[in-house]
Amino acid sequence: MIRSVLCTALFICTGFCSSWAAPVTQVQVHVSSVQEAVPPLVQKRIAASIQTVGNHVLLNQDSHEVKEHAESYKRIMYDIVNRVLIGYTVDDIQIAGDSTADVTIKIRPWGQTIQSVQMDVDYGALPALGKTLANNDVADMSAYVENLLIGLPTDALEWANGAVKTVLEQELESRLPEFYPHIVIEPGKTAIVHVYFLPKLPIVRNVHVAIHAENLPKVIFLRTRKHLEEYYAGLEGLPVAFLRRHQADMQQMLSQSLAEQWVVKSCKLRVVPQVDIGENTKITLDSQTDFYDIQAGMYMDVGRETRSGSHDDDTVLRALVGRKIGAHHEVYGEVEWMPGSVSWNVKPGYFYRFGRDTQIGLHHETRDDSNHWWIRQPLGANWQLRFDRDMTHHENELGLMYRFHDYMGLEYIISNHDHWLRIVGYL
């Protein structure tokens, strides 16, 4: 009698415990390789795929039943995972835990795996300088790509290719946001990653180098200008936004290029480069001297009527040498030679500089023994207004200059008795 009661009680307790066993509410997946390490991105994708399988097979199952029939559940997961994974085979599966099932899977790559990566970057028709500047932003991309691909079976690229390219394109766009990257991966023991960069509009179409050297003859910068225009033509084709992002680097690169020029080193000049970036990029070289002012040039008057009626002095060659005294004062001597009449005019003088460009001064002319005071006022980058008062002959002269080239300009002049056009050349 007692024996039958105990058996009945044991049966009831067993059924009670079984009915109250906790269901599986969470599945945690751990993936590792028994050979080469799985690339982190691929490992994450594999874990996500196995997580989906584990959720489907184990979630809401009785944890006690999962333990008792672990081999059956392992076989089910083994079959499904082997069908899902390409390039890998399941080496071992372990299922442990209660309401949280821990699934540990060891996988083994089959076939050839990627052992090294070679990058081939193509910028199309971009010149060599542009390629060098762009490559600086992606200099260490090889290590990043190796982290994505090395150890991956070549057959696994069939399903991992899209994820790898997406992640790689996002990384390249963060480093070179001014380009569109397109990626093609050739699988093999040495995988070749082809990256094709397309520039975003607008792009640099022309590069012009201008010389601003009011205190030195521009002719001494001819070779420097030609060299810089040829070298920095390599910026053509680069996105404007890319150059603006690297403007500080451009300034430094220009300063280094100028420091290596013969005229800058030999004459110990201080040349400050300025870059105006756009589709038509302009590089301005501002040559500055602290002591000397040396100028040379010529001008030719067209349509001017002289008192004598002669036009022998319409063409004038001129040279000026000045000595700066501090930041504002300058004494100078100017010599003019008229080849038509084979005559000279020497003009010693002095002027005071207001700010950077405004000048007011005095000079004496030996040709007619006259004294003058004058003022010159720039009006923007290419225009200048000039006024000259002849205190000896009580005459005024007003000129408006337009400088359309580093070496050429036009000035329209109005005097008390005449008006004419002057063609001005600068050396």
# chains A, B, ... in the order shown; residues from 1 in each chain; ligands from 1
>>> residues_around(residues="range 58-63 of chain A", least_positions_apart="3", cutoff="10 Å", atoms="only C-alpha atoms", output="list in words")
Ser18, Ser19, Trp20, Ala21, Ala22, Pro23, Val24, Thr25, Gln26, Val27, Val53, Gly54, Asn55, Val66, Lys67, Glu68, His69, Ala70, Tyr73, Met77, Ile95, Ala96, Gly97, Asp98, Ser99, Thr100, Ala101 and Val103 of chain A
>>> closest_atom_pairs(of="range 137-203 of chain A", to="range 38-48 of chain A", cutoff="10 Å", atoms="only C-alpha atoms", output="JSON lines")
{"residue": "A:Glu146", "atom": "CA", "partner": "A:Pro39", "partner_atom": "CA", "distance": 8.8}
{"residue": "A:Asn147", "atom": "CA", "partner": "A:Pro39", "partner_atom": "CA", "distance": 6.3}
{"residue": "A:Leu148", "atom": "CA", "partner": "A:Pro39", "partner_atom": "CA", "distance": 5.5}
{"residue": "A:Leu149", "atom": "CA", "partner": "A:Pro39", "partner_atom": "CA", "distance": 6.2}
{"residue": "A:Ile150", "atom": "CA", "partner": "A:Pro39", "partner_atom": "CA", "distance": 6.6}
{"residue": "A:Gly151", "atom": "CA", "partner": "A:Val38", "partner_atom": "CA", "distance": 5.8}
{"residue": "A:Leu152", "atom": "CA", "partner": "A:Val38", "partner_atom": "CA", "distance": 6.4}
{"residue": "A:Pro153", "atom": "CA", "partner": "A:Val38", "partner_atom": "CA", "distance": 9.3}
{"residue": "A:Ala156", "atom": "CA", "partner": "A:Val42", "partner_atom": "CA", "distance": 9.0}
{"residue": "A:Leu157", "atom": "CA", "partner": "A:Val42", "partner_atom": "CA", "distance": 9.7}
{"residue": "A:Trp159", "atom": "CA", "partner": "A:Val42", "partner_atom": "CA", "distance": 9.8}
{"residue": "A:Ala160", "atom": "CA", "partner": "A:Val42", "partner_atom": "CA", "distance": 6.8}
{"residue": "A:Asn161", "atom": "CA", "partner": "A:Val42", "partner_atom": "CA", "distance": 9.8}
{"residue": "A:Ala163", "atom": "CA", "partner": "A:Leu41", "partner_atom": "CA", "distance": 8.1}
{"residue": "A:Val164", "atom": "CA", "partner": "A:Leu41", "partner_atom": "CA", "distance": 7.5}
{"residue": "A:Val167", "atom": "CA", "partner": "A:Leu41", "partner_atom": "CA", "distance": 8.8}
>>> write_last_selection(atoms="all heavy atoms", output="CSV table (one decimal), in the first residue's frame")
chain,number,residue,atom,x,y,z
A,146,GLU,N,42.6,44.3,-46.2
A,146,GLU,CA,43.1,43.0,-45.7
A,146,GLU,C,42.3,42.5,-44.5
A,146,GLU,O,42.0,41.3,-44.4
A,146,GLU,CB,44.6,43.1,-45.3
A,146,GLU,CG,45.5,43.3,-46.5
A,146,GLU,CD,46.9,43.6,-46.1
A,146,GLU,OE1,47.1,43.8,-44.9
A,146,GLU,OE2,47.8,43.7,-47.0
A,147,ASN,N,41.9,43.4,-43.6
A,147,ASN,CA,41.1,43.0,-42.5
A,147,ASN,C,39.7,42.4,-42.9
A,147,ASN,O,39.2,41.6,-42.2
A,147,ASN,CB,40.9,44.2,-41.5
A,147,ASN,CG,40.3,43.8,-40.2
A,147,ASN,OD1,40.7,42.9,-39.5
A,147,ASN,ND2,39.3,44.5,-39.8
A,148,LEU,N,39.2,42.9,-44.0
A,148,LEU,CA,37.9,42.4,-44.5
A,148,LEU,C,38.0,41.1,-45.2
A,148,LEU,O,37.1,40.3,-45.2
A,148,LEU,CB,37.3,43.5,-45.5
A,148,LEU,CG,36.9,44.8,-44.9
A,148,LEU,CD1,36.4,45.8,-46.0
A,148,LEU,CD2,35.7,44.6,-43.9
A,149,LEU,N,39.2,40.8,-45.9
A,149,LEU,CA,39.2,39.7,-46.8
A,149,LEU,C,40.1,38.6,-46.5
A,149,LEU,O,39.8,37.4,-46.8
A,149,LEU,CB,39.6,40.2,-48.2
A,149,LEU,CG,38.6,41.2,-48.9
A,149,LEU,CD1,39.2,41.7,-50.2
A,149,LEU,CD2,37.3,40.5,-49.1
A,150,ILE,N,41.2,38.8,-45.8
A,150,ILE,CA,42.2,37.7,-45.6
A,150,ILE,C,41.6,36.7,-44.7
A,150,ILE,O,41.0,37.0,-43.6
A,150,ILE,CB,43.5,38.3,-45.0
A,150,ILE,CG1,44.3,39.1,-46.1
A,150,ILE,CG2,44.4,37.2,-44.4
A,150,ILE,CD1,45.6,39.6,-45.6
A,151,GLY,N,41.7,35.4,-45.1
A,151,GLY,CA,41.2,34.3,-44.4
A,151,GLY,C,39.8,33.8,-45.0
A,151,GLY,O,39.3,32.8,-44.6
A,152,LEU,N,39.2,34.6,-45.8
A,152,LEU,CA,37.9,34.3,-46.4
A,152,LEU,C,38.1,33.3,-47.5
A,152,LEU,O,38.9,33.6,-48.4
A,152,LEU,CB,37.2,35.6,-46.9
A,152,LEU,CG,35.8,35.5,-47.5
A,152,LEU,CD1,34.8,35.2,-46.4
A,152,LEU,CD2,35.4,36.8,-48.2
A,153,PRO,N,37.3,32.2,-47.6
A,153,PRO,CA,37.3,31.3,-48.7
A,153,PRO,C,36.9,32.1,-50.0
A,153,PRO,O,36.0,32.9,-49.9
A,153,PRO,CB,36.4,30.2,-48.3
A,153,PRO,CG,36.2,30.3,-46.8
A,153,PRO,CD,36.4,31.7,-46.5
A,156,ALA,N,33.3,31.9,-50.7
A,156,ALA,CA,32.5,32.7,-49.8
A,156,ALA,C,32.2,34.1,-50.4
A,156,ALA,O,31.2,34.7,-49.9
A,156,ALA,CB,33.0,32.7,-48.4
A,157,LEU,N,33.0,34.5,-51.3
A,157,LEU,CA,32.8,35.8,-51.9
A,157,LEU,C,31.5,35.9,-52.6
A,157,LEU,O,30.9,37.0,-52.8
A,157,LEU,CB,33.9,36.2,-52.9
A,157,LEU,CG,35.1,36.9,-52.2
A,157,LEU,CD1,36.2,37.1,-53.3
A,157,LEU,CD2,34.7,38.2,-51.6
A,159,TRP,N,28.6,35.1,-51.6
A,159,TRP,CA,27.5,35.7,-50.7
A,159,TRP,C,28.1,36.9,-49.9
A,159,TRP,O,27.3,37.8,-49.4
A,159,TRP,CB,26.9,34.7,-49.8
A,159,TRP,CG,27.9,34.0,-48.9
A,159,TRP,CD1,28.6,32.9,-49.1
A,159,TRP,CD2,28.3,34.5,-47.6
A,159,TRP,NE1,29.4,32.6,-48.0
A,159,TRP,CE2,29.2,33.5,-47.1
A,159,TRP,CE3,27.9,35.5,-46.8
A,159,TRP,CZ2,29.8,33.6,-45.8
A,159,TRP,CZ3,28.5,35.6,-45.5
A,159,TRP,CH2,29.4,34.7,-45.1
A,160,ALA,N,29.4,37.0,-49.7
A,160,ALA,CA,30.0,38.0,-48.8
A,160,ALA,C,30.4,39.3,-49.7
A,160,ALA,O,30.6,40.3,-49.1
A,160,ALA,CB,31.2,37.5,-48.1
A,161,ASN,N,30.4,39.1,-51.0
A,161,ASN,CA,30.9,40.2,-51.9
A,161,ASN,C,30.1,41.5,-51.7
A,161,ASN,O,30.7,42.6,-51.5
A,161,ASN,CB,30.8,39.7,-53.3
A,161,ASN,CG,31.5,40.7,-54.3
A,161,ASN,OD1,32.6,41.2,-53.9
A,161,ASN,ND2,30.9,40.9,-55.4
A,163,ALA,N,28.3,42.6,-49.1
A,163,ALA,CA,28.6,43.2,-47.8
A,163,ALA,C,29.9,43.8,-47.7
A,163,ALA,O,30.1,44.9,-47.2
A,163,ALA,CB,28.4,42.1,-46.7
A,164,VAL,N,31.0,43.1,-48.3
A,164,VAL,CA,32.3,43.7,-48.3
A,164,VAL,C,32.4,44.9,-49.1
A,164,VAL,O,33.0,45.9,-48.6
A,164,VAL,CB,33.3,42.6,-48.8
A,164,VAL,CG1,34.7,43.2,-49.0
A,164,VAL,CG2,33.4,41.4,-47.8
A,167,VAL,N,30.6,47.9,-47.2
A,167,VAL,CA,31.4,48.5,-46.1
A,167,VAL,C,32.6,49.2,-46.7
A,167,VAL,O,33.0,50.3,-46.2
A,167,VAL,CB,31.9,47.3,-45.2
A,167,VAL,CG1,32.9,47.8,-44.2
A,167,VAL,CG2,30.7,46.7,-44.5
>>> residues_around(residues="Ile80 in chain A", least_positions_apart="5", cutoff="10 Å", atoms="only C-alpha atoms", output="tab-separated table (two decimals) with N, CA, C and O atoms, in the first residue's frame")
chain	number	residue	atom	x	y	z
A	50	ILE	N	23.46	32.24	-38.52
A	50	ILE	CA	23.25	31.13	-37.57
A	50	ILE	C	22.26	31.54	-36.49
A	50	ILE	O	21.48	30.71	-35.99
A	53	VAL	N	18.90	30.82	-37.77
A	53	VAL	CA	18.63	29.39	-37.71
A	53	VAL	C	18.35	28.96	-36.27
A	53	VAL	O	17.39	28.22	-35.99
A	54	GLY	N	19.17	29.41	-35.33
A	54	GLY	CA	18.99	29.05	-33.93
A	54	GLY	C	17.66	29.52	-33.39
A	54	GLY	O	16.99	28.80	-32.64
A	57	VAL	N	14.93	27.23	-34.70
A	57	VAL	CA	14.96	25.85	-34.20
A	57	VAL	C	14.72	25.80	-32.69
A	57	VAL	O	14.02	24.90	-32.18
A	74	LYS	N	21.15	19.32	-32.60
A	74	LYS	CA	22.46	19.60	-33.23
A	74	LYS	C	22.45	19.16	-34.69
A	74	LYS	O	22.97	19.85	-35.57
A	75	ARG	N	21.85	17.97	-34.95
A	75	ARG	CA	21.81	17.47	-36.33
A	75	ARG	C	20.97	18.40	-37.21
A	75	ARG	O	21.32	18.67	-38.36
A	85	LEU	N	25.69	28.25	-45.27
A	85	LEU	CA	27.06	28.75	-45.45
A	85	LEU	C	27.64	28.25	-46.76
A	85	LEU	O	27.51	27.07	-47.10
>>> select_by_dssp(residues="range 248-306 of chain A", states="strand (DSSP E or B)", output="PyMOL selection string")
chain A and resi 270-276+280-288+292-302
>>> residues_around(residues="Ser257 in chain A", least_positions_apart="3", cutoff="12 Å", atoms="only C-alpha atoms", output="PyMOL selection string")
chain A and resi 224-225+227-229+231-232+250-254+260-265+271-273+285
>>> write_last_selection(atoms="N, CA, C and O atoms", output="mmCIF file, in the first residue's frame")
data_model
loop_
_atom_site.group_PDB
_atom_site.id
_atom_site.type_symbol
_atom_site.label_atom_id
_atom_site.label_comp_id
_atom_site.auth_asym_id
_atom_site.auth_seq_id
_atom_site.Cartn_x
_atom_site.Cartn_y
_atom_site.Cartn_z
ATOM 1 N N THR A 224 59.951 80.650 -63.299
ATOM 2 C CA THR A 224 59.193 80.176 -62.135
ATOM 3 C C THR A 224 57.725 80.022 -62.478
ATOM 4 O O THR A 224 57.095 79.009 -62.137
ATOM 5 N N ARG A 225 57.192 81.017 -63.170
ATOM 6 C CA ARG A 225 55.775 80.945 -63.539
ATOM 7 C C ARG A 225 55.500 79.773 -64.476
ATOM 8 O O ARG A 225 54.517 79.035 -64.291
ATOM 9 N N HIS A 227 57.210 77.000 -64.791
ATOM 10 C CA HIS A 227 57.352 75.746 -64.055
ATOM 11 C C HIS A 227 56.107 75.464 -63.208
ATOM 12 O O HIS A 227 55.584 74.339 -63.211
ATOM 13 N N LEU A 228 55.612 76.482 -62.500
ATOM 14 C CA LEU A 228 54.460 76.277 -61.624
ATOM 15 C C LEU A 228 53.196 75.994 -62.429
ATOM 16 O O LEU A 228 52.369 75.166 -62.023
ATOM 17 N N GLU A 229 53.035 76.662 -63.564
ATOM 18 C CA GLU A 229 51.840 76.414 -64.378
ATOM 19 C C GLU A 229 51.846 74.987 -64.926
ATOM 20 O O GLU A 229 50.807 74.331 -64.976
ATOM 21 N N TYR A 231 53.447 72.403 -63.569
ATOM 22 C CA TYR A 231 53.338 71.439 -62.461
ATOM 23 C C TYR A 231 51.914 71.405 -61.908
ATOM 24 O O TYR A 231 51.323 70.335 -61.731
ATOM 25 N N TYR A 232 51.340 72.579 -61.650
ATOM 26 C CA TYR A 232 50.013 72.622 -61.025
ATOM 27 C C TYR A 232 48.878 72.459 -62.017
ATOM 28 O O TYR A 232 47.704 72.466 -61.615
ATOM 29 N N MET A 250 47.653 72.777 -49.801
ATOM 30 C CA MET A 250 48.042 73.427 -51.055
ATOM 31 C C MET A 250 48.974 74.598 -50.789
ATOM 32 O O MET A 250 49.986 74.778 -51.477
ATOM 33 N N GLN A 251 48.629 75.418 -49.787
ATOM 34 C CA GLN A 251 49.472 76.561 -49.450
ATOM 35 C C GLN A 251 50.870 76.109 -49.063
ATOM 36 O O GLN A 251 51.873 76.692 -49.483
ATOM 37 N N GLN A 252 50.946 75.057 -48.250
ATOM 38 C CA GLN A 252 52.250 74.557 -47.808
ATOM 39 C C GLN A 252 53.042 73.990 -48.984
ATOM 40 O O GLN A 252 54.250 74.220 -49.106
ATOM 41 N N MET A 253 52.363 73.265 -49.860
ATOM 42 C CA MET A 253 53.031 72.690 -51.024
ATOM 43 C C MET A 253 53.564 73.782 -51.946
ATOM 44 O O MET A 253 54.678 73.680 -52.479
ATOM 45 N N LEU A 254 52.773 74.848 -52.124
ATOM 46 C CA LEU A 254 53.214 75.967 -52.950
ATOM 47 C C LEU A 254 54.426 76.662 -52.342
ATOM 48 O O LEU A 254 55.383 77.012 -53.058
ATOM 49 N N GLU A 260 62.184 76.313 -53.556
ATOM 50 C CA GLU A 260 63.162 75.578 -54.357
ATOM 51 C C GLU A 260 63.515 76.291 -55.659
ATOM 52 O O GLU A 260 64.426 75.848 -56.371
ATOM 53 N N GLN A 261 62.806 77.371 -55.995
ATOM 54 C CA GLN A 261 63.061 78.075 -57.253
ATOM 55 C C GLN A 261 64.344 78.903 -57.166
ATOM 56 O O GLN A 261 64.622 79.553 -56.150
ATOM 57 N N TRP A 262 65.095 78.917 -58.258
ATOM 58 C CA TRP A 262 66.397 79.577 -58.287
ATOM 59 C C TRP A 262 66.279 81.061 -57.977
ATOM 60 O O TRP A 262 67.048 81.605 -57.185
ATOM 61 N N VAL A 263 65.305 81.747 -58.582
ATOM 62 C CA VAL A 263 65.202 83.189 -58.397
ATOM 63 C C VAL A 263 64.878 83.541 -56.951
ATOM 64 O O VAL A 263 65.353 84.545 -56.419
ATOM 65 N N VAL A 264 64.093 82.715 -56.289
ATOM 66 C CA VAL A 264 63.726 82.978 -54.893
ATOM 67 C C VAL A 264 64.923 82.761 -53.980
ATOM 68 O O VAL A 264 65.199 83.565 -53.077
ATOM 69 N N LYS A 265 65.667 81.675 -54.234
ATOM 70 C CA LYS A 265 66.847 81.384 -53.394
ATOM 71 C C LYS A 265 67.970 82.385 -53.644
ATOM 72 O O LYS A 265 68.606 82.869 -52.694
ATOM 73 N N VAL A 271 58.215 85.375 -51.076
ATOM 74 C CA VAL A 271 57.082 85.236 -51.989
ATOM 75 C C VAL A 271 55.950 84.534 -51.248
ATOM 76 O O VAL A 271 56.120 83.419 -50.755
ATOM 77 N N VAL A 272 54.815 85.191 -51.189
ATOM 78 C CA VAL A 272 53.650 84.641 -50.485
ATOM 79 C C VAL A 272 52.636 84.154 -51.523
ATOM 80 O O VAL A 272 52.123 84.952 -52.318
ATOM 81 N N PRO A 273 52.351 82.840 -51.553
ATOM 82 C CA PRO A 273 51.368 82.334 -52.517
ATOM 83 C C PRO A 273 49.947 82.449 -51.977
ATOM 84 O O PRO A 273 49.701 82.266 -50.780
ATOM 85 N N LEU A 285 51.218 84.770 -56.920
ATOM 86 C CA LEU A 285 52.482 84.840 -56.195
ATOM 87 C C LEU A 285 52.773 86.301 -55.887
ATOM 88 O O LEU A 285 53.006 87.102 -56.784
#
>>> closest_residue(among="A:Val331, A:Asp390, A:Phe197, A:Tyr299", to="Asn135 in chain A", atoms="only C-alpha atoms")
A:Phe197
>>> atom_distance(atom1="CA of Leu168 in chain A", atom2="CA of Arg108 in chain A")
25.3 Å
>>> closest_residue(among="A:Ser343, A:Thr154, A:Ser142, A:Ser266", to="Ile86 in chain A", atoms="only C-alpha atoms")
A:Thr154
>>> closest_residue(among="A:Pro109, A:Pro217, A:Gly326, A:Gly124", to="Phe291 in chain A", atoms="only C-alpha atoms")
A:Gly326
